[in-house]
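Q: The structure's right below; bear with me while I get my questions together.
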Amino acid sequence: IDSVAVPGIPATRWVYATRPVFLSMDPSILTFLSASILKPEILNFRISYLDLSCSASTVDSIPDHPSSADFKRAEMQTLFASMYDQLQKALRSDGLASRQKLRGELVLLDPDHRVKPQRSKYWVFYEGANGNTLMKERDVHALDQLQDAATGLSLACGGLASLLFTFVFFKLARKGIRARNMEKRAQTTLLKQKLGEIKDKEENKLDEQIHAAEGNPFLQPLLLIDLLVLEPILSKLLNSLSRFCHEHLVVKHPTYHKSPAQVVPVEPVKEAAESPPKAETRIPMPAGQEDKRPFIYMRHFRATYTQYCIKHSLEPVQSRDEIIRFLVNKY
């Protein structure tokens, strides 16, 4: 509540709070620390007083914007007490109910008032022995100490909880990365044993990843995102067979012939980085013009497809009939 400066009445700022806790801490800080649970509804008002004393000496001695030292002057305290009496009547549900106590607290802000962590400075009003209204500087309230202790304890518990969570996540992330790489290593080894092949560079790369998983997983953020977010989503949404065929099969249809397609391997292309062998679909030629390149067998196709699924953490289609049905429908 801001009162404007008029002749004989200084500019002041009052705060009315329905709960004393709102005076113990700035509302913005309290809202942040309590996650909006203790968020107060803030209303701003601008009021003005009218001095009916018509005393020129009083008008001259009252500054428009008093300092903290002016608040300790007897004549200023008397004036503030009168302003308090009028304001607290206006805040009651019935201004004529003089014996009704004001719900909450009405305080006057000192010019040197600062929000926490700096020192707050309020002036409170009370009834004197002869029934007149007096003012004094608000002491450190027990609620203030309790609020500070609760804030400190909350920050300490939050810090410990975050450290514990980070430690647990570190252990689980490292364990998850290692388990993922070991599973890929076991699947690749099993596939190589079935095909009678020897250890290749792909397995050496997996061995290096398993060894690297013993370190700090936070140094591999992309791998963590892939493990925790991308792989579970892609494995459920993507069709691994369709993706493999889209990336590693090339279809060529001669314009003069419309016969069903046949899948045959492409001539190997030397590239800087190794990639799964590609295949292309071609149309059987008329008699005497057959393509002499070797036919790609389902065993080799499934081995390449399975290796692709292991590398990209996808779920392979296990049914041979379903693979054939897909290739026939698509090509």
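To be explicit about the labels: the chains of the structure tokens are called A, B, and onward in the order shown, and within each one the residues are counted from 1, while ligands get numbers from 1 in the order they are shown.
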What's the 8 Å shell around region 309-313 of chain A, counting only C-alpha atoms, without same-chain residues fewer than 5 positions away, as a list in words?

A: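 In the requested form, the answer reads Lys184, Gln187, Thr188, Glu231, Ser235 and Ser240 of chain A.
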
Q: List the spatial neighbours of region 147-157 of chain A as a list in words - criterion: any atom at most 10 Å away, only C-alpha atoms, same-chain residues fewer than 2 positions off excluded.

A: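 Near region 147-157 of chain A, the qualifying residues are Val21, Ser24, Met25, Leu30, Leu33, Ser34, Lys116, Pro117, His141, Ala142, Leu143, Asp144, Gln145, Gly159, Leu160, Ala161, Ser162 and Leu163 of chain A.
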
Q: Give me a file of those residues, with all heavy atoms, as a compact mmCIF listing (two decimals), in the first residue's frame.

A:
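Result file follows (selection.txt):
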# COMPACT_ATOMS: atom_id res chain seq x y z
N VAL A 21 4.18 -15.34 7.84
CA VAL A 21 5.28 -15.94 7.10
C VAL A 21 5.63 -15.13 5.87
O VAL A 21 6.78 -15.12 5.40
CB VAL A 21 4.92 -17.40 6.70
CG1 VAL A 21 3.81 -17.43 5.67
CG2 VAL A 21 6.15 -18.12 6.18
N SER A 24 8.36 -12.76 6.66
CA SER A 24 9.65 -13.34 7.01
C SER A 24 10.55 -13.54 5.82
O SER A 24 11.77 -13.67 5.96
CB SER A 24 9.45 -14.70 7.72
OG SER A 24 8.67 -14.54 8.87
N MET A 25 9.95 -13.57 4.64
CA MET A 25 10.74 -13.79 3.42
C MET A 25 10.04 -13.10 2.25
O MET A 25 8.82 -13.01 2.21
CB MET A 25 10.88 -15.29 3.15
CG MET A 25 11.77 -15.66 1.98
SD MET A 25 12.07 -17.44 1.89
CE MET A 25 13.03 -17.71 3.39
N LEU A 30 9.99 -16.87 -1.54
CA LEU A 30 9.13 -17.87 -0.90
C LEU A 30 8.40 -18.71 -1.95
O LEU A 30 8.26 -19.93 -1.80
CB LEU A 30 8.14 -17.18 0.02
CG LEU A 30 7.24 -18.08 0.87
CD1 LEU A 30 8.07 -18.91 1.82
CD2 LEU A 30 6.23 -17.24 1.65
N LEU A 33 11.07 -21.17 -3.49
CA LEU A 33 11.51 -22.25 -2.61
C LEU A 33 10.38 -23.24 -2.30
O LEU A 33 10.64 -24.42 -2.06
CB LEU A 33 12.07 -21.68 -1.31
CG LEU A 33 13.35 -20.85 -1.43
CD1 LEU A 33 13.77 -20.31 -0.06
CD2 LEU A 33 14.48 -21.69 -2.01
N SER A 34 9.14 -22.76 -2.29
CA SER A 34 8.02 -23.64 -1.95
C SER A 34 7.32 -24.20 -3.19
O SER A 34 6.28 -24.83 -3.06
CB SER A 34 7.00 -22.87 -1.10
OG SER A 34 6.43 -21.81 -1.85
N LYS A 116 15.74 -10.28 2.01
CA LYS A 116 16.77 -11.26 2.33
C LYS A 116 17.51 -11.67 1.08
O LYS A 116 16.93 -11.69 -0.01
CB LYS A 116 16.14 -12.48 3.01
CG LYS A 116 15.65 -12.18 4.41
CD LYS A 116 15.16 -13.45 5.09
CE LYS A 116 14.74 -13.16 6.53
NZ LYS A 116 14.28 -14.37 7.22
N PRO A 117 18.80 -11.95 1.23
CA PRO A 117 19.55 -12.22 2.46
C PRO A 117 20.02 -10.99 3.21
O PRO A 117 20.70 -11.11 4.23
CB PRO A 117 20.75 -13.03 1.93
CG PRO A 117 20.98 -12.53 0.56
CD PRO A 117 19.61 -12.23 0.02
N HIS A 141 11.79 -12.06 14.57
CA HIS A 141 10.69 -12.91 15.02
C HIS A 141 11.15 -14.37 15.07
O HIS A 141 12.04 -14.78 14.32
CB HIS A 141 9.50 -12.76 14.06
CG HIS A 141 8.20 -13.16 14.66
ND1 HIS A 141 7.77 -14.46 14.70
CD2 HIS A 141 7.23 -12.41 15.25
CE1 HIS A 141 6.58 -14.51 15.28
NE2 HIS A 141 6.23 -13.28 15.62
N ALA A 142 10.52 -15.13 15.98
CA ALA A 142 10.85 -16.55 16.04
C ALA A 142 10.52 -17.25 14.74
O ALA A 142 11.20 -18.19 14.32
CB ALA A 142 10.09 -17.20 17.21
N LEU A 143 9.51 -16.74 14.04
CA LEU A 143 9.14 -17.30 12.75
C LEU A 143 10.22 -17.06 11.71
O LEU A 143 10.45 -17.88 10.83
CB LEU A 143 7.81 -16.71 12.29
CG LEU A 143 7.22 -17.28 11.00
CD1 LEU A 143 6.94 -18.78 11.15
CD2 LEU A 143 5.93 -16.55 10.62
N ASP A 144 10.92 -15.90 11.83
CA ASP A 144 12.02 -15.62 10.91
C ASP A 144 13.14 -16.64 11.08
O ASP A 144 13.69 -17.14 10.09
CB ASP A 144 12.57 -14.21 11.16
CG ASP A 144 11.51 -13.14 10.94
OD1 ASP A 144 10.47 -13.47 10.33
OD2 ASP A 144 11.72 -12.00 11.36
N GLN A 145 13.49 -16.91 12.32
CA GLN A 145 14.54 -17.90 12.57
C GLN A 145 14.12 -19.29 12.10
O GLN A 145 14.93 -20.03 11.52
CB GLN A 145 14.88 -17.93 14.06
CG GLN A 145 15.41 -16.60 14.60
CD GLN A 145 15.65 -16.63 16.09
OE1 GLN A 145 15.14 -17.51 16.80
NE2 GLN A 145 16.42 -15.66 16.59
N GLY A 159 20.72 -30.67 -1.70
CA GLY A 159 22.07 -30.93 -2.18
C GLY A 159 22.48 -32.38 -1.98
O GLY A 159 23.06 -33.00 -2.89
N LEU A 160 22.17 -32.93 -0.79
CA LEU A 160 22.51 -34.33 -0.54
C LEU A 160 21.74 -35.27 -1.47
O LEU A 160 22.29 -36.25 -1.98
CB LEU A 160 22.23 -34.68 0.92
CG LEU A 160 23.14 -34.00 1.97
CD1 LEU A 160 22.68 -34.36 3.37
CD2 LEU A 160 24.60 -34.42 1.76
N ALA A 161 20.45 -34.94 -1.67
CA ALA A 161 19.64 -35.80 -2.55
C ALA A 161 20.15 -35.75 -3.99
O ALA A 161 20.19 -36.77 -4.67
CB ALA A 161 18.18 -35.36 -2.50
N SER A 162 20.57 -34.57 -4.44
CA SER A 162 21.09 -34.47 -5.81
C SER A 162 22.40 -35.22 -5.96
O SER A 162 22.64 -35.87 -6.98
CB SER A 162 21.27 -33.00 -6.17
OG SER A 162 22.22 -32.38 -5.32
N LEU A 163 23.26 -35.16 -4.93
CA LEU A 163 24.52 -35.92 -4.99
C LEU A 163 24.25 -37.42 -5.01
O LEU A 163 24.89 -38.16 -5.76
CB LEU A 163 25.40 -35.55 -3.79
CG LEU A 163 26.01 -34.15 -3.79
CD1 LEU A 163 26.78 -33.91 -2.50
CD2 LEU A 163 26.93 -33.97 -4.99

Q: Between CA of Lys330 (chain A) and CA of His300 (chain A), what is the spacing in Å?

A: 19.1 Å

Q: Pick out the closest residue to Ile233 (chain A) from this set: A:Ile323, A:Ile42, A:Ala11, A:Leu314. Count only C-alpha atoms.

A: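 Among the listed residues, the smallest separation from Ile233 (chain A) belongs to A:Leu314.
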
Q: From a DSSP calculation on the backbone, collect every residue of region 41-154 of chain A in alpha helix (DSSP H) and output the set as a PyMOL selection string.

A: chain A and resi 56-61+74-90+142-154

Q: Those residues with N, CA and C atoms, as a tab-separated table (two decimals), in the first residue's frame please?

A:
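The resulting file, part30.tsv, is reproduced below:
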chain	number	residue	atom	x	y	z
A	56	ALA	N	0.83	25.31	9.65
A	56	ALA	CA	1.94	25.57	8.74
A	56	ALA	C	3.24	25.03	9.29
A	57	SER	N	3.43	25.09	10.62
A	57	SER	CA	4.67	24.61	11.21
A	57	SER	C	4.79	23.09	11.03
A	58	THR	N	3.69	22.40	11.12
A	58	THR	CA	3.71	20.95	10.94
A	58	THR	C	4.04	20.58	9.51
A	59	VAL	N	3.46	21.33	8.58
A	59	VAL	CA	3.71	21.07	7.17
A	59	VAL	C	5.18	21.27	6.84
A	60	ASP	N	5.80	22.28	7.37
A	60	ASP	CA	7.20	22.58	7.08
A	60	ASP	C	8.14	21.56	7.68
A	61	SER	N	7.77	20.96	8.82
A	61	SER	CA	8.68	20.03	9.52
A	61	SER	C	8.57	18.60	9.03
A	74	ALA	N	9.94	11.81	17.34
A	74	ALA	CA	8.68	11.63	18.08
A	74	ALA	C	7.49	12.14	17.27
A	75	GLU	N	7.63	13.32	16.64
A	75	GLU	CA	6.50	13.86	15.88
A	75	GLU	C	6.17	12.99	14.67
A	76	MET	N	7.20	12.37	14.06
A	76	MET	CA	6.95	11.49	12.91
A	76	MET	C	6.26	10.20	13.36
A	77	GLN	N	6.66	9.69	14.52
A	77	GLN	CA	6.03	8.47	15.01
A	77	GLN	C	4.57	8.70	15.39
A	78	THR	N	4.30	9.88	15.93
A	78	THR	CA	2.91	10.23	16.24
A	78	THR	C	2.07	10.30	14.96
A	79	LEU	N	2.67	10.89	13.90
A	79	LEU	CA	1.96	10.98	12.62
A	79	LEU	C	1.74	9.60	12.02
A	80	PHE	N	2.76	8.76	12.07
A	80	PHE	CA	2.62	7.40	11.53
A	80	PHE	C	1.58	6.60	12.30
A	81	ALA	N	1.50	6.81	13.62
A	81	ALA	CA	0.49	6.11	14.42
A	81	ALA	C	-0.92	6.50	13.99
A	82	SER	N	-1.10	7.81	13.72
A	82	SER	CA	-2.42	8.26	13.25
A	82	SER	C	-2.74	7.67	11.88
A	83	MET	N	-1.74	7.60	11.01
A	83	MET	CA	-1.95	7.00	9.70
A	83	MET	C	-2.29	5.51	9.84
A	84	TYR	N	-1.63	4.85	10.79
A	84	TYR	CA	-1.91	3.42	11.02
A	84	TYR	C	-3.36	3.23	11.47
A	85	ASP	N	-3.81	4.07	12.40
A	85	ASP	CA	-5.18	3.92	12.91
A	85	ASP	C	-6.21	4.05	11.79
A	86	GLN	N	-5.99	4.99	10.90
A	86	GLN	CA	-6.94	5.16	9.80
A	86	GLN	C	-6.87	4.01	8.80
A	87	LEU	N	-5.67	3.53	8.55
A	87	LEU	CA	-5.51	2.47	7.55
A	87	LEU	C	-6.05	1.14	8.05
A	88	GLN	N	-5.80	0.83	9.32
A	88	GLN	CA	-6.28	-0.47	9.82
A	88	GLN	C	-7.80	-0.48	9.96
A	89	LYS	N	-8.43	0.70	10.13
A	89	LYS	CA	-9.90	0.75	10.12
A	89	LYS	C	-10.43	0.44	8.72
A	90	ALA	N	-9.73	0.97	7.71
A	90	ALA	CA	-10.17	0.75	6.34
A	90	ALA	C	-10.03	-0.72	5.92
A	142	ALA	N	10.52	-15.13	15.98
A	142	ALA	CA	10.85	-16.55	16.04
A	142	ALA	C	10.52	-17.25	14.74
A	143	LEU	N	9.51	-16.74	14.04
A	143	LEU	CA	9.14	-17.30	12.75
A	143	LEU	C	10.22	-17.06	11.71
A	144	ASP	N	10.92	-15.90	11.83
A	144	ASP	CA	12.02	-15.62	10.91
A	144	ASP	C	13.14	-16.64	11.08
A	145	GLN	N	13.49	-16.91	12.32
A	145	GLN	CA	14.54	-17.90	12.57
A	145	GLN	C	14.12	-19.29	12.10
A	146	LEU	N	12.86	-19.62	12.34
A	146	LEU	CA	12.36	-20.92	11.89
A	146	LEU	C	12.37	-21.01	10.37
A	147	GLN	N	12.01	-19.91	9.72
A	147	GLN	CA	12.00	-19.88	8.25
A	147	GLN	C	13.42	-20.02	7.70
A	148	ASP	N	14.38	-19.33	8.30
A	148	ASP	CA	15.77	-19.44	7.86
A	148	ASP	C	16.30	-20.85	8.06
A	149	ALA	N	15.95	-21.46	9.21
A	149	ALA	CA	16.41	-22.82	9.47
A	149	ALA	C	15.79	-23.81	8.48
A	150	ALA	N	14.49	-23.60	8.18
A	150	ALA	CA	13.82	-24.49	7.23
A	150	ALA	C	14.42	-24.35	5.84
A	151	THR	N	14.75	-23.11	5.44
A	151	THR	CA	15.35	-22.90	4.12
A	151	THR	C	16.72	-23.55	4.03
A	152	GLY	N	17.54	-23.33	5.07
A	152	GLY	CA	18.86	-23.96	5.07
A	152	GLY	C	18.79	-25.46	5.06
A	153	LEU	N	17.87	-26.02	5.86
A	153	LEU	CA	17.72	-27.48	5.90
A	153	LEU	C	17.24	-28.02	4.56
A	154	SER	N	16.33	-27.29	3.90
A	154	SER	CA	15.83	-27.74	2.60
A	154	SER	C	16.95	-27.73	1.55

Q: With distances taken over only C-alpha atoms, which of A:Val6, A:Leu327, A:Ala35, A:Leu222 is nearest to Leu50 (chain A)?

A: A:Val6

Q: Choose the residue, out of A:Ser319, A:Thr304, A:Ser53, A:Asn216, that has the smallest atom-to-atom separation from Phe167 (chain A); count only C-alpha atoms.

A: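 Closest residue, counting only C-alpha atoms: A:Asn216.
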
Q: Figure out the distance between CA of Ala303 (chain A) and CA of Leu227 (chain A), please, to one decimal in Å.

A: 24.1 Å
